[in-house]
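Note sheet for the following structure.
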Amino acid sequence: MTTENYLGALTGVRSGKRSFYPEYVRTAERLERAVGALDRISRALVRTGEGPRALVEAVVRAAAEHVQADWLLFAVADGALRAARPRFLLLTGGTLVEDERLFPADALAHLRVLRTRPWEAGEPADTGVRVPMTLDCEPVGGIAARPAPGMDIAATDLAVLRVLANQAAVALHNSYLVHATMQLRGRTEALSEAAEQQARDLAARNAELQETQRRLIEVMQRQALDDERHRIARELHDSVTQDVLSAGMMIEICRAELTEPGADLGALREKLTGAKDLTRHAVERLRAAIYALHHSESEPSGSLPVLLERLSTVHLPTDLTVSVSVHGEPVPLPGEAEHSLLRITGEALFNTVMHTNAARARIRLDYRADRIRLSIADDGDGDPAQLRRMLRLSSATDLAGAHRGLANMRARTEELGGTLSIRRSRIGGILLLLEIPLPREAA
């Protein structure tokens with residue numbers, strides 16, 4: 001390639017030597033405008049940090065200055081860059097206008113094309129010039145302008161407008177991503193804070209629930225002991241009344257016989273001794289009733305073994321010596337299960353006191369891998385076979401209320417999913433043995 005041809009390719013000069021200088025001057029002017037355009041582009045692009053609107057305004061002013069436009073329009077197509085603001089902007093007479101009612105007629109025509117048919121932005125326009133704005137090779141709007149009269153628009157000028165338009169598209173898209181990211185971050189932070197607050201509230205509610213459950217179990221434990229004490233107190237009331245009345249009648253008989261001549265002092269002495277025994281027996285039972293009525297709220301709650309120990313003291317040692325033994329590792333039970341086991345044990349001890357001549361009773365509590373065994377044995381004169389018959393009969397008829405305690409104990413055991421059996425104890429009396437499955441949460 002010759003020097004002349006090389007210079008022509010670089011500057012766009014194609015004429016011969018006679019017209020070389022005028023073409024060179026025009027080419028120099030285009031190069032100067034191109035350099036100025038690059039400067040304007042760089043000044044517009046540095047406005048990105050100020051937000052999309054500032055950049056769009058800078059692009060509009062740089063483009064209008066480059067083509068010396070009477071007016072210049074920037075517009076985003078409908079449905080594209082949904083978060084972009086502004087959607088269109090017109091520079092006319094040095095003023096930026098967003099109200100399309102104030103647009104010139106020819107600018108409105110270009111606006112309709114850019115908004116509804118952006119792919120036509122690259123085609124020749126009837127009036128003015130128009131370039132497309134693309135993002136990822138898709139038309140998303142464009143720039144239209146009416147250059148000043150006599151302004152010669154070259155291909156390089158249209159390239160400058162396309163660069164400005166495309167950069168504006170990228171800035172608007174990035175601003176949408178930044179806005180969406182900030183919104184997502186804000187929502188994430190809000191959700192995280194809400195989750196943390198919910199976790200704190202849940203922990204507080206859980207603590208309150210555990211405290212309420214603990215108090216409920218304490219109340220149920222106290223209630224079980226109170227029910228047993230009050231029941232014993234009510235039934236002892238009848239026996240104490242009977243003993244006192246019997247002793248009183250015996251004393252009255254002795255007084256009447258003392259007034260008769262030749263009274264048998266030995267027989268009177270035996271009768272008074274019997275009356276003394278009745279009164280002593282009544283006093284002991286009365287003490288048990290008083291104990292049952294006055295030891296309730298002052299006692300703290302405890303585990304099932306501790307509650308069984310306390311329950312055994314309701315039946316005074318003067319009547320019955322009760323021992324409690326625990327085997328295996330104690331585990332906490334639901335309040336309903338502990339309540340039922342206490343009521344069953346209390347019923348068994350009361351029956352031992354009232355219906356046998358036992359001097360000793362043994363309570364054994366076994367914690368096993370999958371179940372709990374509770375046994376109450378005594379050394380009295382009860383008959384296991386007779387109790388089993390009475391228990392079978394009580395299931396079919398009320399028996400006028402007799403032996404309903406046994407039926408209640410079996411019903412409570414079955415509610416816990418267990419079994420109740422009556423056997424002869426090793427120490428000579430009755431052995432009540434109940435087995436219940438260990439609750440799943442305790443296991």
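Scheme for the structure tokens: letters A, B, ... for chains in order shown; per-chain residue numbers from 1; ligand numbers from 1 in order shown.
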Those of stretch 122-273 of chain A in DSSP helix (DSSP H, G or I), formatted as a ChimeraX atom specification
/A:155-258,265-273
Please provide as a VMD selection string all residues within 9 Å of stretch 98-100 of chain A, with the sequence filter that same-chain residues fewer than 6 positions apart are discarded (counting only C-alpha atoms).
chain A and resid 86 to 90 108 111
Need to verify the contact set: A:Thr419, 7 Å, only C-alpha atoms, exclusion of same-chain residues closer than 2 positions in sequence. Can you return it as a PyMOL selection string?
chain A and resi 413-414+421+434-436
Could you please take those selected residues and save N, CA, C and O atoms as a PDB file, in the first residue's frame?
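File result.pdb, as written:
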ATOM      1  N   THR A 413     -54.567 -48.106  86.194  1.00  0.00           N
ATOM      2  CA  THR A 413     -53.444 -48.823  85.581  1.00  0.00           C
ATOM      3  C   THR A 413     -53.664 -49.022  84.091  1.00  0.00           C
ATOM      4  O   THR A 413     -52.748 -48.841  83.273  1.00  0.00           O
ATOM      5  N   GLU A 414     -54.880 -49.410  83.718  1.00  0.00           N
ATOM      6  CA  GLU A 414     -55.173 -49.632  82.294  1.00  0.00           C
ATOM      7  C   GLU A 414     -55.110 -48.330  81.502  1.00  0.00           C
ATOM      8  O   GLU A 414     -54.736 -48.332  80.327  1.00  0.00           O
ATOM      9  N   SER A 421     -52.000 -56.935  88.999  1.00  0.00           N
ATOM     10  CA  SER A 421     -52.205 -58.310  89.464  1.00  0.00           C
ATOM     11  C   SER A 421     -52.157 -58.343  90.986  1.00  0.00           C
ATOM     12  O   SER A 421     -51.535 -57.485  91.627  1.00  0.00           O
ATOM     13  N   LEU A 434     -48.212 -53.758  89.793  1.00  0.00           N
ATOM     14  CA  LEU A 434     -48.641 -53.126  88.536  1.00  0.00           C
ATOM     15  C   LEU A 434     -47.415 -52.808  87.694  1.00  0.00           C
ATOM     16  O   LEU A 434     -46.356 -52.435  88.223  1.00  0.00           O
ATOM     17  N   GLU A 435     -47.567 -53.006  86.395  1.00  0.00           N
ATOM     18  CA  GLU A 435     -46.513 -52.722  85.422  1.00  0.00           C
ATOM     19  C   GLU A 435     -47.090 -51.807  84.347  1.00  0.00           C
ATOM     20  O   GLU A 435     -48.158 -52.088  83.789  1.00  0.00           O
ATOM     21  N   ILE A 436     -46.374 -50.715  84.071  1.00  0.00           N
ATOM     22  CA  ILE A 436     -46.804 -49.801  83.015  1.00  0.00           C
ATOM     23  C   ILE A 436     -45.638 -49.559  82.072  1.00  0.00           C
ATOM     24  O   ILE A 436     -44.469 -49.586  82.499  1.00  0.00           O
TER      25      ILE A 436
END
Quick one, how far is atom CA of A:Leu216 from atom CA of A:Ala407?
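Interatomic distance, atom CA of A:Leu216 to atom CA of A:Ala407: 27.2 Å.
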